Amino acid sequence: MAQGIPSDLLMNATLINDLAVVAKDAALLQGVLMRVKESPNSSEVVTYAPFTLFPTPVPKAPFLQAMAVQTHYNTLVDKISQDPDFLQAALASTIAVDDFTARLFKIHQQVLKEGRLQSIVLGLNRSDYMLDQKEDGHTSLKQIEINTFAASFGGLSSRMPDVHRHILRVAGRLEESQRIIDNNPAVGLAKAVAKAWELYGSKQAVVMFLVEENQRNALDQRFIENELWKRNIATIRKRFEDVAESGNLDQDKRLFVDSQEVAVVYFRNGYMPQNYESEKAWEARLMMECSLAVKCPDISTHLAGTKKVQQVLAKPGVLEHFFPDQPQIVAQVRATFAGLYTLDMGAEGDKTVAMALATPNRFVLKPQREGGGNNIYGQEICEVLGKVKDSAERTAFILMDKIQPVPTQNYLLRRGTPLQISNCLSELGFFGTYVRHGKDMVMNDCVGHLLRTKSSEHLDGGVAAGVAVLDNPLLF
Ligand code: ADP
Ligand code: MG
Ligand code: MG
């Protein structure tokens, strides 16, 4: 029982109903909030962000393993971003068929041609994992992906420990309540942004959050904004459209938006094709990339986070290229890789196609997209791959082993959804931050975690996509 929530508690309908009421109020009181679908750009009416009634047991060893490897992932992402030849070679087949990645790559090339002005680099990423169940009953940590762009929920997850502690106390589970560990990515993320702002060196300059049209998750970002304000760093929230209308560069390429100098652009929008509603949005992106402002992420770090790059990293010798003479780091990073397979034209790609078509349930087919809901599973792999298998179009995708985590039982609390027990799968993410100034890494940290849990009926995930919900690990 040391592991989790006993089944007599899970099955006690009266108690569960009472606890759900307590839980929702606890979330509201802690600020685990989201705006509602009906009015995403107003805080007149808000609701609790979806979350689990109980925390989910997570073994300590893989948790610590993921925490320990995070700074190496930070270094890796940063090294990739500084290696234009690698990016070009890794993404060549993808950009030939994927318009969105091609467009990003074009910006990358334009920036390289003009020469990178800004030597301050700010990285805020989140490496996500699932615990793969092995035949011997052990689990092993496998990376799902790394998000180098707009990795979210660092704010809301900072308030989740106290929500579950309270629920467990009310449920009479004091021992478990004390096992919920602290977590505060918001502070850590803000610390890195503040460092980049400080290095930029202009007291009156602001941090600009580049935000979505639909700002349902604005309150998650507010936690980071408020941590910056506590340090007397001003933040503004602007959309691509605002930057297109009121943004400009001065003769030194300093970025001004609404006449305010911008020290750091923190992109929380711009990772999906539909985020660029017009050519003006693309022009605004290019202007920001060419400016002296610190970009989080800059265009090359954005590209370093693509799924194609993830697949290329898994090829023999590639990690060694980035960590020469550091076999321990190579081994530590590689241990977290799941099987990843190329769909490039040629014999190796043909082998991947044959394997996927023969046993589709063992794999996930991934396009170069972010934000949840884009991957292809099971029989649909046969349909989609069947159509493109003989053409270069297949190179828009990569193939990955499907990770099979041990399911747990829990209740997912979401506005307007009836309370029912669900079979759940969890995904554990770690937030990494780094700041580089020229050749000096002045900061490289792991600043917290995010546990997201979804009903196992859903193959894909994502809290913002409406599938996964916020959770806490209960370490054992
Ligand atoms: P996105 O950038 O859209 O978040 P992900 O690679 O994280 O793309 O995939 C979305 C979701 O699909 C994940 O949160 C996870 O639930 C599921 N998923 C992705 N890859 C795998 C995998 N290899 N095995 C099992 N589930 C996966
Ligand atoms: Mg993901
Ligand atoms: Mg992603």
# chains A, B, ... in the order shown; residues from 1 in each chain; ligands from 1
$ residues_around --residues "Phe149 (chain A)" --least-positions-apart "3" --cutoff "8 Å" --atoms "only C-alpha atoms" --output "ChimeraX atom specification"
/A:124-125,267-268,271,296-297,302,305
$ closest_atom_pairs --of "chain A" --to "ligand 2" --cutoff "7 Å" --atoms "only C-alpha atoms and all ligand atoms" --output "CSV"
residue,atom,partner,partner_atom_place_in_ligand_line,distance
A:Asp128,CA,ligand 2,1 (Mg),6.8
A:Ile144,CA,ligand 2,1 (Mg),6.9
A:Glu145,CA,ligand 2,1 (Mg),6.1
A:Glu370,CA,ligand 2,1 (Mg),6.9
A:Gly371,CA,ligand 2,1 (Mg),6.6
A:Gly372,CA,ligand 2,1 (Mg),6.1
A:Gly461,CA,ligand 2,1 (Mg),6.9
A:Gly462,CA,ligand 2,1 (Mg),6.5
$ write_last_selection --atoms "C-alpha atoms" --output "short mmCIF file (atom, residue, chain, number, x, y, z; two decimals), in the first residue's frame"
data_model
loop_
_atom_site.label_atom_id
_atom_site.label_comp_id
_atom_site.auth_asym_id
_atom_site.auth_seq_id
_atom_site.Cartn_x
_atom_site.Cartn_y
_atom_site.Cartn_z
CA ASP A 128 8.76 14.56 -21.20
CA ILE A 144 8.51 11.05 -25.32
CA GLU A 145 9.89 14.33 -26.64
CA GLU A 370 3.34 20.29 -31.45
CA GLY A 371 0.53 20.87 -29.02
CA GLY A 372 -1.05 17.42 -28.83
CA GLY A 461 -2.04 13.71 -24.69
CA GLY A 462 -1.85 17.39 -23.78
#
$ residues_around --residues "Ala194 (chain A)" --least-positions-apart "6" --cutoff "8 Å" --atoms "only C-alpha atoms" --output "list in words"
Leu228, Arg231 and Ile233 of chain A
$ residues_around --residues "Tyr377 (chain A)" --least-positions-apart "6" --cutoff "8 Å" --atoms "only C-alpha atoms" --output "count of residues only"
6
$ select_by_dssp --residues "region 82-199 of chain A" --states "helix (DSSP H, G or I)" --output "ChimeraX atom specification"
/A:84-95,99-114,156-170,174-178,185-199
$ residues_around --residues "Ala218 (chain A)" --least-positions-apart "6" --cutoff "9 Å" --atoms "only C-alpha atoms" --output "PDB file with C-alpha atoms, in the first residue's frame"
ATOM      1  CA  MET A  34      -7.888  28.377 -16.277  1.00  0.00           C
ATOM      2  CA  ARG A  35     -10.114  30.738 -18.132  1.00  0.00           C
ATOM      3  CA  PRO A  40     -10.793  32.739 -23.187  1.00  0.00           C
ATOM      4  CA  ASN A  41      -9.530  36.314 -23.081  1.00  0.00           C
ATOM      5  CA  VAL A 211       0.921  35.143 -26.510  1.00  0.00           C
ATOM      6  CA  GLU A 212      -1.881  33.351 -28.317  1.00  0.00           C
TER       7      GLU A 212
END
